[in-house]
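Visitor: Pasting in a structure now, in structure tokens, and then I'll have a few things to ask.
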Number of protein chains: 2
Amino acid sequence: MDERQIGSLRFQLDLSQPIYEQILQQMSSAVVRGEIALGEKIPSVRELAQALKVTPNTVMHAYQEMERSGLTETRRGQGTFITSSRERVEQFRSELADEVIDAFLQRMMALGYSLADIRKLLERRQGGGSR
Amino acid sequence: MDERQIGSLRFQLDLSQPIYEQILQQMSSAVVRGEIALGEKIPSVRELAQALKVTPNTVMHAYQEMERSGLTETRRGQGTFITSSRERVEQFRSELADEVIDAFLQRMMALGYSLADIRKLLERRQGGGSR
DNA sequence: TCCAGTGTATTACGTGTTATGATACACTCA
DNA sequence: TGAGTGTATCATAACACGTAATACACTGGA
């Protein structure tokens, strides 16, 4: 696992997944968790490419996906910025969560687990934690 | 979405995922949910290939993965059979469930959801009941 | 013993995705 | 004007996936 830092951002890249998707996911995570401020400028395509030792094209791919999902706004000649709409970030977060939950439930049901079963299994994870 | 039936098995194949993985997953589901009896013979490589209109190689790929995970036993010249060990099937099921849950929790945490949040979201599914 | 039906292996080919590397263009701002 | 942006294009390579064809090894029943 390769770990690289640029500004306040931290990236962990491996070969198990397309690089552009890992950039996309980790950047989205950072935004959604408030680790990047709304309206903030993120590294330029070339800058991040150099920091991560990948091709600008690969970073571009990730950035374009982010804009497509409304998470960023790009201004030609200026750079790429996190959207300043808190609402949009919230919507992105909950929509993504919905998809993740749907896929999870579908896979578990295919294995014959009921919703009640799933809840029990999750409680078990909580184990020594808060309850 | 293409749906095909062979014996008691039903397969739904699309292009969103490798075919061999869809065969693997749907066959595993059927076993784990008891839709295929323990020790039962499953269609031969050529037979299933013809029914699904794919190449024998593709079915082979799926079958080899199933054997690697201990779900089936292959007997050269005879065919491929579901393991007759209920214990092994149970172990396969719970191991797979563990992996699915781990991946799910990791993705949700990356989006900033706590275990308590996740439980609440799942409860909501139960109430809304869109299955 | 033969043979049809099994699993298995190999080779060649085509396609799509991913990533690289290089180059060029368009835009913005100091 | 020039440096720094996003953007587009081309060629190339590697890899995964699927197809197609062929061949081999094994088993059980006729």
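Chain labels run A, B, ... following the order of the structure tokens; each chain numbers its residues from 1, and ligands are numbered from 1 in the order shown.
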If we count only C-alpha atoms (C1' of nucleotides) and set the cut-off at 9 Å, which residues sit around region 32-36 of chain B, ignoring sequence neighbours fewer than 5 positions away in its own chain? Please answer as a PyMOL selection string.
Guide: (chain A and resi 110-112) or (chain B and resi 8-9+27+42+82+89-90+92-93)
Visitor: The selected residues should be written to file as a compact mmCIF listing (two decimals), in the first residue's frame (atoms: all heavy atoms).
Guide:
# COMPACT_ATOMS: atom_id res chain seq x y z
N ALA A 110 -29.23 -12.39 -0.90
CA ALA A 110 -28.86 -13.46 -1.81
C ALA A 110 -28.21 -14.61 -1.06
O ALA A 110 -28.22 -15.75 -1.50
CB ALA A 110 -27.91 -12.94 -2.89
N LEU A 111 -27.63 -14.30 0.11
CA LEU A 111 -27.03 -15.34 0.93
C LEU A 111 -28.03 -15.92 1.92
O LEU A 111 -27.68 -16.74 2.78
CB LEU A 111 -25.81 -14.77 1.68
CG LEU A 111 -24.60 -14.44 0.81
CD1 LEU A 111 -23.50 -13.81 1.65
CD2 LEU A 111 -24.08 -15.72 0.14
N GLY A 112 -29.26 -15.46 1.83
CA GLY A 112 -30.32 -16.02 2.66
C GLY A 112 -30.45 -15.39 4.04
O GLY A 112 -31.07 -15.97 4.92
N SER B 8 -33.43 -26.96 -12.45
CA SER B 8 -34.11 -26.13 -11.44
C SER B 8 -33.39 -24.80 -11.26
O SER B 8 -33.84 -23.95 -10.50
CB SER B 8 -34.18 -26.88 -10.11
OG SER B 8 -32.86 -27.10 -9.63
N LEU B 9 -32.27 -24.63 -11.95
CA LEU B 9 -31.48 -23.41 -11.79
C LEU B 9 -31.97 -22.31 -12.71
O LEU B 9 -32.35 -22.56 -13.85
CB LEU B 9 -29.99 -23.68 -12.10
CG LEU B 9 -29.15 -24.44 -11.10
CD1 LEU B 9 -29.41 -23.98 -9.69
CD2 LEU B 9 -29.31 -25.93 -11.24
N MET B 27 -24.90 -19.34 -8.52
CA MET B 27 -24.85 -20.74 -8.13
C MET B 27 -24.59 -20.83 -6.61
O MET B 27 -25.23 -21.63 -5.92
CB MET B 27 -23.72 -21.42 -8.90
CG MET B 27 -23.73 -22.93 -8.82
SD MET B 27 -24.96 -23.69 -9.92
CE MET B 27 -24.04 -23.80 -11.46
N ILE B 42 -24.28 -30.83 -10.48
CA ILE B 42 -24.71 -29.64 -11.21
C ILE B 42 -24.42 -29.85 -12.69
O ILE B 42 -23.67 -30.77 -13.05
CB ILE B 42 -24.01 -28.37 -10.68
CG1 ILE B 42 -22.50 -28.45 -10.83
CG2 ILE B 42 -24.39 -28.14 -9.22
CD1 ILE B 42 -21.79 -27.22 -10.34
N ILE B 82 -22.04 -30.53 -5.77
CA ILE B 82 -22.05 -29.71 -4.57
C ILE B 82 -21.46 -30.55 -3.44
O ILE B 82 -21.74 -31.74 -3.35
CB ILE B 82 -23.49 -29.29 -4.22
CG1 ILE B 82 -24.13 -28.55 -5.39
CG2 ILE B 82 -23.50 -28.43 -2.98
CD1 ILE B 82 -23.37 -27.32 -5.83
N VAL B 89 -20.60 -25.74 3.74
CA VAL B 89 -21.47 -24.74 3.14
C VAL B 89 -21.74 -23.62 4.14
O VAL B 89 -21.69 -22.44 3.78
CB VAL B 89 -22.81 -25.38 2.69
CG1 VAL B 89 -23.78 -24.31 2.25
CG2 VAL B 89 -22.56 -26.38 1.58
N GLU B 90 -21.96 -24.00 5.37
CA GLU B 90 -22.23 -23.00 6.41
C GLU B 90 -21.03 -22.08 6.60
O GLU B 90 -21.17 -20.86 6.74
CB GLU B 90 -22.58 -23.68 7.74
CG GLU B 90 -24.07 -23.71 8.04
CD GLU B 90 -24.74 -22.36 7.76
OE1 GLU B 90 -24.24 -21.32 8.20
OE2 GLU B 90 -25.78 -22.37 7.06
N PHE B 92 -18.71 -21.45 4.39
CA PHE B 92 -18.63 -20.59 3.20
C PHE B 92 -19.57 -19.41 3.33
O PHE B 92 -19.21 -18.26 3.08
CB PHE B 92 -18.98 -21.42 1.96
CG PHE B 92 -19.12 -20.60 0.70
CD1 PHE B 92 -18.02 -20.24 -0.03
CD2 PHE B 92 -20.38 -20.18 0.27
CE1 PHE B 92 -18.15 -19.48 -1.18
CE2 PHE B 92 -20.51 -19.42 -0.87
CZ PHE B 92 -19.40 -19.07 -1.59
N ARG B 93 -20.80 -19.70 3.76
CA ARG B 93 -21.82 -18.66 3.88
C ARG B 93 -21.41 -17.59 4.88
O ARG B 93 -21.50 -16.40 4.61
CB ARG B 93 -23.15 -19.30 4.30
CG ARG B 93 -24.28 -18.32 4.46
CD ARG B 93 -25.56 -19.07 4.77
NE ARG B 93 -26.72 -18.21 4.90
CZ ARG B 93 -27.39 -18.04 6.04
NH1 ARG B 93 -27.00 -18.65 7.14
NH2 ARG B 93 -28.45 -17.26 6.06
Visitor: Enumerate as a PyMOL selection string the residues belonging to chain B that approach chain A to within 12 Å, with only C-alpha atoms taken into account.
Guide: chain B and resi 25-35+89-90+92-127+129-131
Visitor: Skipping near chain neighbours, those fewer than 3 positions away, what residues fall within 9 Å of Glu40 (chain A) using only C-alpha atoms (C1' of nucleotides), listed as a ChimeraX atom specification?
Guide: /A:36-37,80-84
Visitor: Name the residues of chain B that fall into helix (DSSP H, G or I) according to DSSP on the backbone, using the chain letters and numbers of this document, as a VMD selection string.
Guide: chain B and resid 19 to 32 45 to 52 56 to 68 86 to 110 115 to 128
Visitor: Under the rule that only C-alpha atoms (C1' of nucleotides) are counted, which of A:Leu71, A:Ile19, A:Met60, A:Ala51 is the nearest residue to DA8 (chain D)?
Guide: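 Using only C-alpha atoms (C1' of nucleotides), the shortest distance to DA8 (chain D) belongs to A:Met60.
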Visitor: What are the residues of chain A that have an atom within 9 Å of an atom of chain C, counting only C-alpha atoms (C1' of nucleotides), as a PyMOL selection string?
Guide: chain A and resi 18-19+54-55+57-58+75-78
Visitor: Store the residues picked out above, limited to C-alpha atoms, as an mmCIF file, in the first residue's frame.
Guide:
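To be explicit, this is the file written out as selection.cif:
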data_model
loop_
_atom_site.group_PDB
_atom_site.id
_atom_site.type_symbol
_atom_site.label_atom_id
_atom_site.label_comp_id
_atom_site.auth_asym_id
_atom_site.auth_seq_id
_atom_site.Cartn_x
_atom_site.Cartn_y
_atom_site.Cartn_z
ATOM 1 C CA PRO A 18 -8.515 1.608 -10.887
ATOM 2 C CA ILE A 19 -6.426 4.523 -9.670
ATOM 3 C CA VAL A 54 0.486 9.143 -12.081
ATOM 4 C CA THR A 55 -0.445 10.692 -15.408
ATOM 5 C CA ASN A 57 -4.993 12.005 -17.620
ATOM 6 C CA THR A 58 -5.714 9.689 -14.727
ATOM 7 C CA ARG A 75 -13.292 26.872 -13.739
ATOM 8 C CA ARG A 76 -11.134 26.737 -16.819
ATOM 9 C CA GLY A 77 -7.886 28.533 -16.238
ATOM 10 C CA GLN A 78 -8.484 28.769 -12.508
#
Visitor: Would you return as a PyMOL selection string the members of region 3-127 of chain A that DSSP assigns to strand (DSSP E or B) on this structure's backbone?
Guide: chain A and resi 3-6+9-13+41-42+72-75+79-82
Visitor: Residues of chain D within 7 Å of chain B: nearest atom pair and distance (Å, one decimal) for each, counting only C-alpha atoms (C1' of nucleotides), sorted by chain and number, as a Markdown table?
Guide:
| residue | atom | partner | partner_atom | distance |
| --- | --- | --- | --- | --- |
| D:DT19 | C1' | B:Thr55 | CA | 6.5 |
| D:DC26 | C1' | B:Gly77 | CA | 5.0 |
| D:DT27 | C1' | B:Gly77 | CA | 4.6 |
Visitor: Using N, CA, C and O atoms (P, O5', C5', C4', C3', O3' and C1' of nucleotides), can you write the selected residues to a file as an mmCIF file, in the first residue's frame?
Guide:
data_model
loop_
_atom_site.group_PDB
_atom_site.id
_atom_site.type_symbol
_atom_site.label_atom_id
_atom_site.label_comp_id
_atom_site.auth_asym_id
_atom_site.auth_seq_id
_atom_site.Cartn_x
_atom_site.Cartn_y
_atom_site.Cartn_z
ATOM 1 P P DT D 19 -18.746 -15.720 -24.240
ATOM 2 O "O5'" DT D 19 -17.882 -15.973 -25.561
ATOM 3 C "C5'" DT D 19 -17.848 -14.962 -26.568
ATOM 4 C "C4'" DT D 19 -16.959 -15.396 -27.718
ATOM 5 C "C3'" DT D 19 -17.306 -16.770 -28.274
ATOM 6 O "O3'" DT D 19 -17.613 -16.634 -29.651
ATOM 7 C "C1'" DT D 19 -14.957 -16.544 -27.895
ATOM 8 P P DC D 26 -5.314 -39.940 -16.866
ATOM 9 O "O5'" DC D 26 -6.814 -40.210 -16.410
ATOM 10 C "C5'" DC D 26 -7.447 -39.254 -15.549
ATOM 11 C "C4'" DC D 26 -8.936 -39.452 -15.611
ATOM 12 C "C3'" DC D 26 -9.410 -40.861 -15.257
ATOM 13 O "O3'" DC D 26 -10.020 -40.812 -13.975
ATOM 14 C "C1'" DC D 26 -10.604 -39.923 -17.113
ATOM 15 P P DT D 27 -10.491 -42.180 -13.238
ATOM 16 O "O5'" DT D 27 -12.010 -42.330 -13.712
ATOM 17 C "C5'" DT D 27 -12.949 -41.298 -13.405
ATOM 18 C "C4'" DT D 27 -14.296 -41.668 -13.967
ATOM 19 C "C3'" DT D 27 -14.723 -43.102 -13.671
ATOM 20 O "O3'" DT D 27 -15.833 -43.053 -12.809
ATOM 21 C "C1'" DT D 27 -15.088 -42.534 -15.960
#
Visitor: Quote the spacing between CA of Arg10 (chain A) and CA of Gly39 (chain A) in Å to one decimal place.
Guide: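 Separating CA of Arg10 (chain A) from CA of Gly39 (chain A) is a distance of 18.9 Å.
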Visitor: Looking at only C-alpha atoms, which of A:Ile6, A:Thr74, A:Ser85, A:Asp14 is the one that sits closest to Ala49 (chain A)?
Guide: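 That would be A:Ile6, the residue with the smallest distance to Ala49 (chain A).
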